[in-house]
Amino acid sequence: MSKRSKEKDLKGVIPGITRILRKFSPYIRKERLLIIGSFFALLLETGLRLLEPWPLKYVFDYILIPAHNNTANTANHFGLSPIALLTLSAISIVVITGVGSMAAYLSTYGMSLAVIRVLSEVRGNLFNHLQSLSLSFHQKSKSGDLITRVTSDIEKMRTVTVKTALPLITNVLSLLGMLVIMFFLNWELALVAMTIFPILTLLTKNMISRIRKFAKQHRDSEGVLAATTGETIGAIKVVQVLSLQEMLHGIFSQQNQKSLDEAIESLRLSAALERIVQILMAIIIAIVLWRGSHVVLHKELSPGELLVFMTYLRNAFEPMRKLSNQVGQIAKATASGERVVELLDYEPNVRDNPSAKKAHPFFGTVRFENVSFGYDTGTEILQDVSFVVQPGQQVAVVGPSGSGKSTLLSLILRLYDPEAGRILIDGQDIREYTIDSLRQQISVVLQDSVLFAASVKENIAHGRLGATEKEVEKAARLANAHDFIMKLPQGYDTILSERGGTLSGGQRQRVAIARAAIRQAPIIILDEPTTGLDNASERTVNAALAKLTEGRTTFVISHDLRAVENADIILYIEGERVLEQGTHRELMRLGSRYATLYRMQTIITKGDTYALEA
Ligand SMILES: Nc1ncnc2c1ncn2[C@@H]1O[C@H](COP(=O)(O)OP(=O)(O)OP(=O)(O)O)[C@@H](O)[C@H]1O
């Protein structure tokens, strides 16, 4: 096959492979000794494979045919008697195959080992990279699709590289070797044999690119399926409560059918391609046999040499037949590889500045200077927000739903960066601190705290790496969680279910408070931590929160204005701006939005109380 036509066949695959290799080169470099060693073994294997039919030639040309024609003479060939030559040929068959197999074993084992090592390192880094990608990326991505990239896309690359790409390299090398020898034996016959390559290229070009297209679509559909499954299982409670099963089953079935159709189409094309190659090869073998016999009759080639020629052609048949399938497989794995590279290439929007330094232990002064932010360009959520909080002050962030309260606090954590203005902690722009050292000094308790499927002890210790058992217990006591934890079947060693689903809402919040407490962070963010709890749980959680926040700069989001009226500063947000700020007394005296909302809430609550009493 000419280099150019081969390149055309692989159009799209070659740039993909180049991109993947370039991206993986640091990992590949680490395994270079193993790869080079295995490559030499592979060359040896290929060379020996080429030698395989030659003993037959000598037996035919120098022993069998002369004997058959009664022209056998006792003349020595290569200084050997016919019987010695026969014995040597027989032995060499075993030696060539034996050494070739050993070389094949070494090359396969070495290369596979290198591939597995490279890909498992890539997978580890991909997982790390995923964790470091900004929240905005994860909110836009489908988690199932990301999971497919880390798991089955990498697995696809591994199996195809080991089981298909490496044998393909051996096949291509031996095909090239066979061609050289065939030209050397008889260039005219070699040319006839070679006509198969351009014909094959023309016939298969279109099919290969269609296989690639369907394979890529199939991989993407699998990602969508995984995403739907993940989303459904993740929200199973909502699904069951709202009886969404049938609707989701409909969506899933459609996606499943699409994935099936694409898989079948790509399989059908691969199978058709294989058969086309098979028929073409039979035609070429027939032509070469026909033409070759004439050449032998004209004494331009010995019968043994024609035998070698035909054996090469037959041997070439198997790799050639497989070639199309292998190229199809490689095209599929390249699609997987490109999905992995695409993800690795994705840069987090929020990352450490080159000049960023590890933060010193914070005192806890927080200053917003003309901060503006929007999730999508053009739609501002916060505009020109400015305020200052002194160490140890309690700040309440209030305002209508969707006004940007959670967004404001997520900026302090650098989950997003402001579009304009800056946020300072202890007088320094937070972008000048490394993200890790900034977040380590901020504790967060959210409305619905997520716990991991690990022991209670581990869940609390997640708050600070290297926390001791004593510290875990101290934090749990502070969070009013120790008593209920001791009543769990294995106490602190009780393994929680996924997302802490086996605990009640109040218990989950108290474990989350313990996790926040163990951090001993100077800044605390509470995003409606008591919403959804009954009165008794709310009281216990509030008592725990009071201990957690004592003496620390605290931001608390609350819809219940009476719960935060003692805050040192109240920020009232509405219409993208902090409309009012001050103490409860100051804002009530102002008699504007906050005061109206506060009065409304008080009246409503009183109304509820009267209703209950009646
Ligand atoms: N990841 C996101 N991408 C795009 N828009 C978002 C995202 N998160 C929030 N928003 C939008 O930003 C606005 C502010 O949301 P935010 O959650 O900060 O409000 P909030 O005041 O905390 O609301 P609530 O009181 O209901 O919790 C809303 O209009 C919301 O739809």
# chains A, B, ... in the order shown; residues from 1 in each chain; ligands from 1
$ closest_atom_pairs --of "region 306-392 of chain A" --to "region 534-551 of chain A" --cutoff "12 Å" --atoms "only C-alpha atoms" --output "Markdown table"
| residue | atom | partner | partner_atom | distance |
| --- | --- | --- | --- | --- |
| A:Phe363 | CA | A:Gly551 | CA | 10.6 |
| A:Gly364 | CA | A:Gly551 | CA | 10.0 |
| A:Gln390 | CA | A:Gly551 | CA | 11.0 |
| A:Pro391 | CA | A:Gly551 | CA | 8.0 |
| A:Gly392 | CA | A:Gly551 | CA | 4.7 |
$ residues_near_ligand --ligand "ligand 1" --cutoff "6 Å" --atoms "only C-alpha atoms and all ligand atoms" --output "MDAnalysis selection string"
chainID A and resid 136 139 375 381 401:407
$ write_last_selection --atoms "N, CA and C atoms" --output "PDB file, in the first residue's frame"
ATOM      1  N   SER A 136     -18.082  26.110  37.314  1.00  0.00           N
ATOM      2  CA  SER A 136     -18.870  26.495  36.136  1.00  0.00           C
ATOM      3  C   SER A 136     -18.787  25.394  35.076  1.00  0.00           C
ATOM      4  N   GLN A 139     -20.993  22.458  36.232  1.00  0.00           N
ATOM      5  CA  GLN A 139     -22.423  22.754  36.148  1.00  0.00           C
ATOM      6  C   GLN A 139     -22.933  22.640  34.723  1.00  0.00           C
ATOM      7  N   TYR A 375     -22.844  34.773  35.625  1.00  0.00           N
ATOM      8  CA  TYR A 375     -22.445  33.421  35.208  1.00  0.00           C
ATOM      9  C   TYR A 375     -22.172  33.386  33.710  1.00  0.00           C
ATOM     10  N   ILE A 381     -25.272  39.177  37.734  1.00  0.00           N
ATOM     11  CA  ILE A 381     -26.023  38.720  38.910  1.00  0.00           C
ATOM     12  C   ILE A 381     -25.742  39.689  40.060  1.00  0.00           C
ATOM     13  N   SER A 401     -35.458  35.527  46.820  1.00  0.00           N
ATOM     14  CA  SER A 401     -34.885  34.327  46.217  1.00  0.00           C
ATOM     15  C   SER A 401     -34.309  34.664  44.838  1.00  0.00           C
ATOM     16  N   GLY A 402     -33.120  34.146  44.568  1.00  0.00           N
ATOM     17  CA  GLY A 402     -32.504  34.373  43.257  1.00  0.00           C
ATOM     18  C   GLY A 402     -31.819  35.714  43.138  1.00  0.00           C
ATOM     19  N   SER A 403     -31.659  36.417  44.275  1.00  0.00           N
ATOM     20  CA  SER A 403     -31.063  37.760  44.179  1.00  0.00           C
ATOM     21  C   SER A 403     -29.534  37.709  44.131  1.00  0.00           C
ATOM     22  N   GLY A 404     -28.947  36.536  44.410  1.00  0.00           N
ATOM     23  CA  GLY A 404     -27.495  36.418  44.276  1.00  0.00           C
ATOM     24  C   GLY A 404     -26.758  36.234  45.593  1.00  0.00           C
ATOM     25  N   LYS A 405     -27.479  35.787  46.632  1.00  0.00           N
ATOM     26  CA  LYS A 405     -26.846  35.643  47.957  1.00  0.00           C
ATOM     27  C   LYS A 405     -25.781  34.531  47.935  1.00  0.00           C
ATOM     28  N   SER A 406     -26.183  33.346  47.418  1.00  0.00           N
ATOM     29  CA  SER A 406     -25.213  32.236  47.372  1.00  0.00           C
ATOM     30  C   SER A 406     -24.066  32.583  46.439  1.00  0.00           C
ATOM     31  N   THR A 407     -24.394  33.282  45.345  1.00  0.00           N
ATOM     32  CA  THR A 407     -23.367  33.666  44.383  1.00  0.00           C
ATOM     33  C   THR A 407     -22.313  34.540  45.066  1.00  0.00           C
TER      34      THR A 407
END
$ closest_residue --among "A:Leu202, A:Ile264, A:Ile485, A:Ile513" --to "Phe214 (chain A)" --atoms "only C-alpha atoms"
A:Ile264
$ residues_around --residues "region 309-316 of chain A" --least-positions-apart "3" --cutoff "7 Å" --atoms "only C-alpha atoms" --output "count of residues only"
9
$ residues_around --residues "Thr434 (chain A)" --least-positions-apart "4" --cutoff "10 Å" --atoms "only C-alpha atoms" --output "list in words"
Arg351, Asp352, Asn353, Pro354, Ser355, Ala356, Lys357, Lys358, Ala359, Ile430, Leu438 and Arg439 of chain A
$ select_by_dssp --residues "region 496-555 of chain A" --states "alpha helix (DSSP H)" --output "PDB file with N, CA and C atoms, in the first residue's frame"
ATOM      1  N   GLY A 505     -32.108  14.773  58.386  1.00  0.00           N
ATOM      2  CA  GLY A 505     -31.583  16.060  57.927  1.00  0.00           C
ATOM      3  C   GLY A 505     -30.791  16.769  59.015  1.00  0.00           C
ATOM      4  N   GLY A 506     -31.338  16.784  60.236  1.00  0.00           N
ATOM      5  CA  GLY A 506     -30.677  17.475  61.347  1.00  0.00           C
ATOM      6  C   GLY A 506     -29.359  16.805  61.712  1.00  0.00           C
ATOM      7  N   GLN A 507     -29.371  15.455  61.699  1.00  0.00           N
ATOM      8  CA  GLN A 507     -28.128  14.731  62.034  1.00  0.00           C
ATOM      9  C   GLN A 507     -27.065  15.000  60.976  1.00  0.00           C
ATOM     10  N   ARG A 508     -27.505  15.003  59.714  1.00  0.00           N
ATOM     11  CA  ARG A 508     -26.554  15.267  58.622  1.00  0.00           C
ATOM     12  C   ARG A 508     -25.928  16.647  58.802  1.00  0.00           C
ATOM     13  N   GLN A 509     -26.762  17.621  59.148  1.00  0.00           N
ATOM     14  CA  GLN A 509     -26.247  18.982  59.313  1.00  0.00           C
ATOM     15  C   GLN A 509     -25.256  19.044  60.471  1.00  0.00           C
ATOM     16  N   ARG A 510     -25.538  18.284  61.550  1.00  0.00           N
ATOM     17  CA  ARG A 510     -24.620  18.350  62.688  1.00  0.00           C
ATOM     18  C   ARG A 510     -23.277  17.683  62.362  1.00  0.00           C
ATOM     19  N   VAL A 511     -23.314  16.610  61.566  1.00  0.00           N
ATOM     20  CA  VAL A 511     -22.032  16.001  61.129  1.00  0.00           C
ATOM     21  C   VAL A 511     -21.295  17.022  60.247  1.00  0.00           C
ATOM     22  N   ALA A 512     -22.061  17.725  59.399  1.00  0.00           N
ATOM     23  CA  ALA A 512     -21.434  18.733  58.528  1.00  0.00           C
ATOM     24  C   ALA A 512     -20.848  19.875  59.356  1.00  0.00           C
ATOM     25  N   ILE A 513     -21.526  20.218  60.453  1.00  0.00           N
ATOM     26  CA  ILE A 513     -20.995  21.290  61.315  1.00  0.00           C
ATOM     27  C   ILE A 513     -19.708  20.811  61.990  1.00  0.00           C
ATOM     28  N   ALA A 514     -19.704  19.531  62.402  1.00  0.00           N
ATOM     29  CA  ALA A 514     -18.485  18.973  63.001  1.00  0.00           C
ATOM     30  C   ALA A 514     -17.345  19.006  61.980  1.00  0.00           C
ATOM     31  N   ARG A 515     -17.692  18.680  60.734  1.00  0.00           N
ATOM     32  CA  ARG A 515     -16.685  18.700  59.657  1.00  0.00           C
ATOM     33  C   ARG A 515     -16.167  20.123  59.455  1.00  0.00           C
ATOM     34  N   ALA A 516     -17.060  21.099  59.571  1.00  0.00           N
ATOM     35  CA  ALA A 516     -16.641  22.496  59.422  1.00  0.00           C
ATOM     36  C   ALA A 516     -15.827  22.934  60.644  1.00  0.00           C
ATOM     37  N   ALA A 517     -16.221  22.411  61.826  1.00  0.00           N
ATOM     38  CA  ALA A 517     -15.572  22.850  63.065  1.00  0.00           C
ATOM     39  C   ALA A 517     -14.127  22.363  63.149  1.00  0.00           C
ATOM     40  N   ASN A 535     -38.552  22.133  64.189  1.00  0.00           N
ATOM     41  CA  ASN A 535     -38.167  23.083  65.230  1.00  0.00           C
ATOM     42  C   ASN A 535     -37.097  22.544  66.175  1.00  0.00           C
ATOM     43  N   ALA A 536     -37.284  21.280  66.598  1.00  0.00           N
ATOM     44  CA  ALA A 536     -36.340  20.718  67.564  1.00  0.00           C
ATOM     45  C   ALA A 536     -34.957  20.602  66.935  1.00  0.00           C
ATOM     46  N   SER A 537     -34.901  20.068  65.707  1.00  0.00           N
ATOM     47  CA  SER A 537     -33.605  19.930  65.023  1.00  0.00           C
ATOM     48  C   SER A 537     -32.992  21.301  64.798  1.00  0.00           C
ATOM     49  N   GLU A 538     -33.836  22.266  64.419  1.00  0.00           N
ATOM     50  CA  GLU A 538     -33.330  23.608  64.134  1.00  0.00           C
ATOM     51  C   GLU A 538     -32.662  24.189  65.378  1.00  0.00           C
ATOM     52  N   ARG A 539     -33.299  23.950  66.539  1.00  0.00           N
ATOM     53  CA  ARG A 539     -32.727  24.492  67.782  1.00  0.00           C
ATOM     54  C   ARG A 539     -31.360  23.856  68.055  1.00  0.00           C
ATOM     55  N   THR A 540     -31.265  22.518  67.900  1.00  0.00           N
ATOM     56  CA  THR A 540     -29.983  21.841  68.174  1.00  0.00           C
ATOM     57  C   THR A 540     -28.917  22.317  67.186  1.00  0.00           C
ATOM     58  N   VAL A 541     -29.314  22.418  65.922  1.00  0.00           N
ATOM     59  CA  VAL A 541     -28.333  22.831  64.908  1.00  0.00           C
ATOM     60  C   VAL A 541     -27.909  24.280  65.168  1.00  0.00           C
ATOM     61  N   ASN A 542     -28.862  25.147  65.522  1.00  0.00           N
ATOM     62  CA  ASN A 542     -28.517  26.545  65.798  1.00  0.00           C
ATOM     63  C   ASN A 542     -27.564  26.661  66.980  1.00  0.00           C
ATOM     64  N   ALA A 543     -27.803  25.826  67.989  1.00  0.00           N
ATOM     65  CA  ALA A 543     -26.919  25.868  69.161  1.00  0.00           C
ATOM     66  C   ALA A 543     -25.503  25.462  68.734  1.00  0.00           C
ATOM     67  N   ALA A 544     -25.431  24.434  67.865  1.00  0.00           N
ATOM     68  CA  ALA A 544     -24.115  23.985  67.381  1.00  0.00           C
ATOM     69  C   ALA A 544     -23.464  25.074  66.549  1.00  0.00           C
ATOM     70  N   LEU A 545     -24.262  25.741  65.731  1.00  0.00           N
ATOM     71  CA  LEU A 545     -23.712  26.796  64.867  1.00  0.00           C
ATOM     72  C   LEU A 545     -23.186  27.964  65.697  1.00  0.00           C
ATOM     73  N   ALA A 546     -23.886  28.273  66.791  1.00  0.00           N
ATOM     74  CA  ALA A 546     -23.461  29.394  67.644  1.00  0.00           C
ATOM     75  C   ALA A 546     -22.055  29.107  68.181  1.00  0.00           C
ATOM     76  N   LYS A 547     -21.834  27.819  68.567  1.00  0.00           N
ATOM     77  CA  LYS A 547     -20.499  27.471  69.087  1.00  0.00           C
ATOM     78  C   LYS A 547     -19.459  27.517  67.957  1.00  0.00           C
ATOM     79  N   LEU A 548     -19.885  27.044  66.772  1.00  0.00           N
ATOM     80  CA  LEU A 548     -18.955  26.990  65.633  1.00  0.00           C
ATOM     81  C   LEU A 548     -18.476  28.388  65.236  1.00  0.00           C
ATOM     82  N   THR A 549     -19.390  29.353  65.266  1.00  0.00           N
ATOM     83  CA  THR A 549     -19.071  30.664  64.686  1.00  0.00           C
ATOM     84  C   THR A 549     -18.500  31.651  65.694  1.00  0.00           C
TER      85      THR A 549
END
$ closest_residue --among "A:Val288, A:Val160, A:Ile425, A:Ile147" --to "Ala227 (chain A)" --atoms "only C-alpha atoms"
A:Ile147
$ residues_around --residues "Ala165 (chain A)" --least-positions-apart "5" --cutoff "10 Å" --atoms "only C-alpha atoms" --output "count of residues only"
11
$ atom_distance --atom1 "CA of Glu369 (chain A)" --atom2 "CA of Arg577 (chain A)"
12.8 Å
$ atom_distance --atom1 "CA of Gly399 (chain A)" --atom2 "CA of Thr553 (chain A)"
20.3 Å
$ select_by_dssp --residues "region 207-430 of chain A" --states "strand (DSSP E or B)" --output "mmCIF file with C-alpha atoms, in the first residue's frame"
data_model
loop_
_atom_site.group_PDB
_atom_site.id
_atom_site.type_symbol
_atom_site.label_atom_id
_atom_site.label_comp_id
_atom_site.auth_asym_id
_atom_site.auth_seq_id
_atom_site.Cartn_x
_atom_site.Cartn_y
_atom_site.Cartn_z
ATOM 1 C CA LYS A 357 1.380 32.656 47.485
ATOM 2 C CA VAL A 366 -13.152 40.599 54.295
ATOM 3 C CA ARG A 367 -13.613 43.478 51.872
ATOM 4 C CA PHE A 368 -15.596 43.553 48.623
ATOM 5 C CA GLU A 369 -14.506 46.422 46.341
ATOM 6 C CA ASN A 370 -16.914 47.237 43.473
ATOM 7 C CA VAL A 371 -17.421 43.559 42.696
ATOM 8 C CA SER A 372 -19.494 42.630 39.636
ATOM 9 C CA PHE A 373 -20.224 39.106 38.461
ATOM 10 C CA ASP A 376 -22.805 34.173 31.528
ATOM 11 C CA THR A 379 -26.232 38.862 32.435
ATOM 12 C CA LEU A 382 -24.101 41.144 41.125
ATOM 13 C CA GLN A 383 -23.176 44.731 40.273
ATOM 14 C CA ASP A 384 -20.726 47.006 41.974
ATOM 15 C CA VAL A 385 -20.951 45.338 45.388
ATOM 16 C CA SER A 386 -18.831 46.899 48.148
ATOM 17 C CA PHE A 387 -18.697 46.251 51.905
ATOM 18 C CA VAL A 388 -16.187 45.579 54.675
ATOM 19 C CA VAL A 389 -16.346 42.986 57.428
ATOM 20 C CA GLN A 394 -21.325 38.166 61.877
ATOM 21 C CA VAL A 395 -22.726 39.141 58.485
ATOM 22 C CA ALA A 396 -26.228 38.230 57.390
ATOM 23 C CA VAL A 397 -26.907 38.135 53.664
ATOM 24 C CA VAL A 398 -30.618 38.536 52.963
ATOM 25 C CA ALA A 420 -14.799 43.423 37.843
ATOM 26 C CA GLY A 421 -13.642 44.671 41.213
ATOM 27 C CA ARG A 422 -11.840 42.605 43.813
ATOM 28 C CA ILE A 423 -12.287 40.747 47.056
ATOM 29 C CA LEU A 424 -9.681 41.181 49.751
ATOM 30 C CA ILE A 425 -8.992 39.134 52.835
ATOM 31 C CA GLN A 428 -4.811 41.174 50.029
ATOM 32 C CA ASP A 429 -6.669 40.297 46.806
#
$ closest_residue --among "A:Asn349, A:Thr151, A:Ser504, A:Asn186" --to "Phe484 (chain A)" --atoms "only C-alpha atoms"
A:Ser504
$ atom_distance --atom1 "CA of Trp187 (chain A)" --atom2 "CA of Glu45 (chain A)"
25.5 Å
$ closest_atom_pairs --of "region 333-358 of chain A" --to "region 24-36 of chain A" --cutoff "12 Å" --atoms "only C-alpha atoms" --output "CSV"
residue,atom,partner,partner_atom,distance
A:Gly337,CA,A:Phe24,CA,10.1
A:Glu338,CA,A:Phe24,CA,11.4
A:Val340,CA,A:Phe24,CA,10.5
A:Val341,CA,A:Phe24,CA,8.7
A:Leu344,CA,A:Phe24,CA,10.1
A:Asp345,CA,A:Phe24,CA,11.5
$ write_last_selection --atoms "C-alpha atoms" --output "short mmCIF file (atom, residue, chain, number, x, y, z; two decimals), in the first residue's frame"
data_model
loop_
_atom_site.label_atom_id
_atom_site.label_comp_id
_atom_site.auth_asym_id
_atom_site.auth_seq_id
_atom_site.Cartn_x
_atom_site.Cartn_y
_atom_site.Cartn_z
CA GLY A 337 -8.64 9.12 23.08
CA GLU A 338 -9.73 12.44 21.63
CA VAL A 340 -9.90 12.12 26.95
CA VAL A 341 -7.51 14.70 25.46
CA LEU A 344 -7.38 17.13 29.70
CA ASP A 345 -7.05 20.22 27.51
#
$ residues_around --residues "Ser302 (chain A)" --least-positions-apart "2" --cutoff "12 Å" --atoms "only C-alpha atoms" --output "CSV table (one decimal) with N, CA and C atoms, in the first residue's frame"
chain,number,residue,atom,x,y,z
A,57,LYS,N,11.5,-23.4,0.5
A,57,LYS,CA,12.1,-23.2,-0.8
A,57,LYS,C,13.3,-24.1,-1.0
A,58,TYR,N,14.2,-24.2,0.0
A,58,TYR,CA,15.4,-25.0,-0.2
A,58,TYR,C,15.0,-26.5,-0.4
A,60,PHE,N,12.2,-27.7,-1.6
A,60,PHE,CA,11.6,-27.9,-2.9
A,60,PHE,C,12.6,-27.8,-4.0
A,61,ASP,N,13.4,-26.7,-4.0
A,61,ASP,CA,14.3,-26.5,-5.2
A,61,ASP,C,15.5,-27.4,-5.2
A,62,TYR,N,16.0,-27.8,-4.1
A,62,TYR,CA,17.2,-28.5,-4.1
A,62,TYR,C,17.1,-30.0,-3.8
A,65,ILE,N,12.2,-31.3,-6.1
A,65,ILE,CA,11.9,-31.2,-7.5
A,65,ILE,C,13.0,-32.0,-8.3
A,66,PRO,N,14.3,-31.8,-8.0
A,66,PRO,CA,15.3,-32.6,-8.7
A,66,PRO,C,15.0,-34.1,-8.5
A,185,LEU,N,12.4,-11.0,-5.5
A,185,LEU,CA,12.2,-12.3,-6.2
A,185,LEU,C,11.8,-12.0,-7.7
A,186,ASN,N,10.7,-11.2,-7.8
A,186,ASN,CA,10.2,-11.0,-9.2
A,186,ASN,C,9.4,-9.7,-9.2
A,292,GLY,N,2.3,-16.3,-12.1
A,292,GLY,CA,3.5,-16.8,-11.5
A,292,GLY,C,3.9,-18.2,-12.2
A,293,SER,N,2.9,-19.0,-12.5
A,293,SER,CA,3.2,-20.3,-13.1
A,293,SER,C,3.9,-20.1,-14.4
A,294,HIS,N,3.4,-19.1,-15.2
A,294,HIS,CA,4.0,-18.8,-16.5
A,294,HIS,C,5.5,-18.4,-16.3
A,295,VAL,N,5.7,-17.6,-15.3
A,295,VAL,CA,7.1,-17.1,-15.0
A,295,VAL,C,8.0,-18.3,-14.7
A,296,VAL,N,7.4,-19.2,-13.9
A,296,VAL,CA,8.2,-20.4,-13.5
A,296,VAL,C,8.5,-21.2,-14.8
A,297,LEU,N,7.5,-21.4,-15.6
A,297,LEU,CA,7.7,-22.2,-16.8
A,297,LEU,C,8.7,-21.6,-17.7
A,298,HIS,N,8.8,-20.2,-17.7
A,298,HIS,CA,9.8,-19.6,-18.5
A,298,HIS,C,11.2,-19.5,-17.8
A,299,LYS,N,11.2,-20.2,-16.7
A,299,LYS,CA,12.5,-20.4,-15.9
A,299,LYS,C,13.0,-19.0,-15.4
A,300,GLU,N,12.1,-18.1,-15.2
A,300,GLU,CA,12.5,-16.8,-14.6
A,300,GLU,C,12.4,-16.8,-13.1
A,304,GLY,N,10.4,-23.2,-6.0
A,304,GLY,CA,10.5,-22.9,-4.6
A,304,GLY,C,10.3,-21.4,-4.3
A,305,GLU,N,10.8,-20.6,-5.2
A,305,GLU,CA,10.6,-19.1,-5.0
A,305,GLU,C,9.1,-18.7,-5.2
A,306,LEU,N,8.4,-19.4,-6.2
A,306,LEU,CA,7.0,-19.1,-6.3
A,306,LEU,C,6.3,-19.5,-5.1
A,307,LEU,N,6.8,-20.6,-4.5
A,307,LEU,CA,6.1,-21.1,-3.2
A,307,LEU,C,6.3,-20.1,-2.1
A,308,VAL,N,7.5,-19.5,-2.0
A,308,VAL,CA,7.7,-18.4,-1.0
A,308,VAL,C,6.8,-17.3,-1.3
A,309,PHE,N,6.7,-16.9,-2.6
A,309,PHE,CA,5.9,-15.8,-3.1
A,309,PHE,C,4.4,-16.0,-2.7
$ closest_residue --among "A:Leu408, A:Ile495, A:Leu135, A:Ala521" --to "Tyr572 (chain A)" --atoms "only C-alpha atoms"
A:Leu408
$ closest_residue --among "A:Val350, A:Ala476, A:Val445, A:Ile116" --to "Arg431 (chain A)" --atoms "only C-alpha atoms"
A:Val350
$ closest_residue --among "A:Asp145, A:Glu246, A:Glu342, A:Glu188" --to "Ser221 (chain A)" --atoms "only C-alpha atoms"
A:Asp145
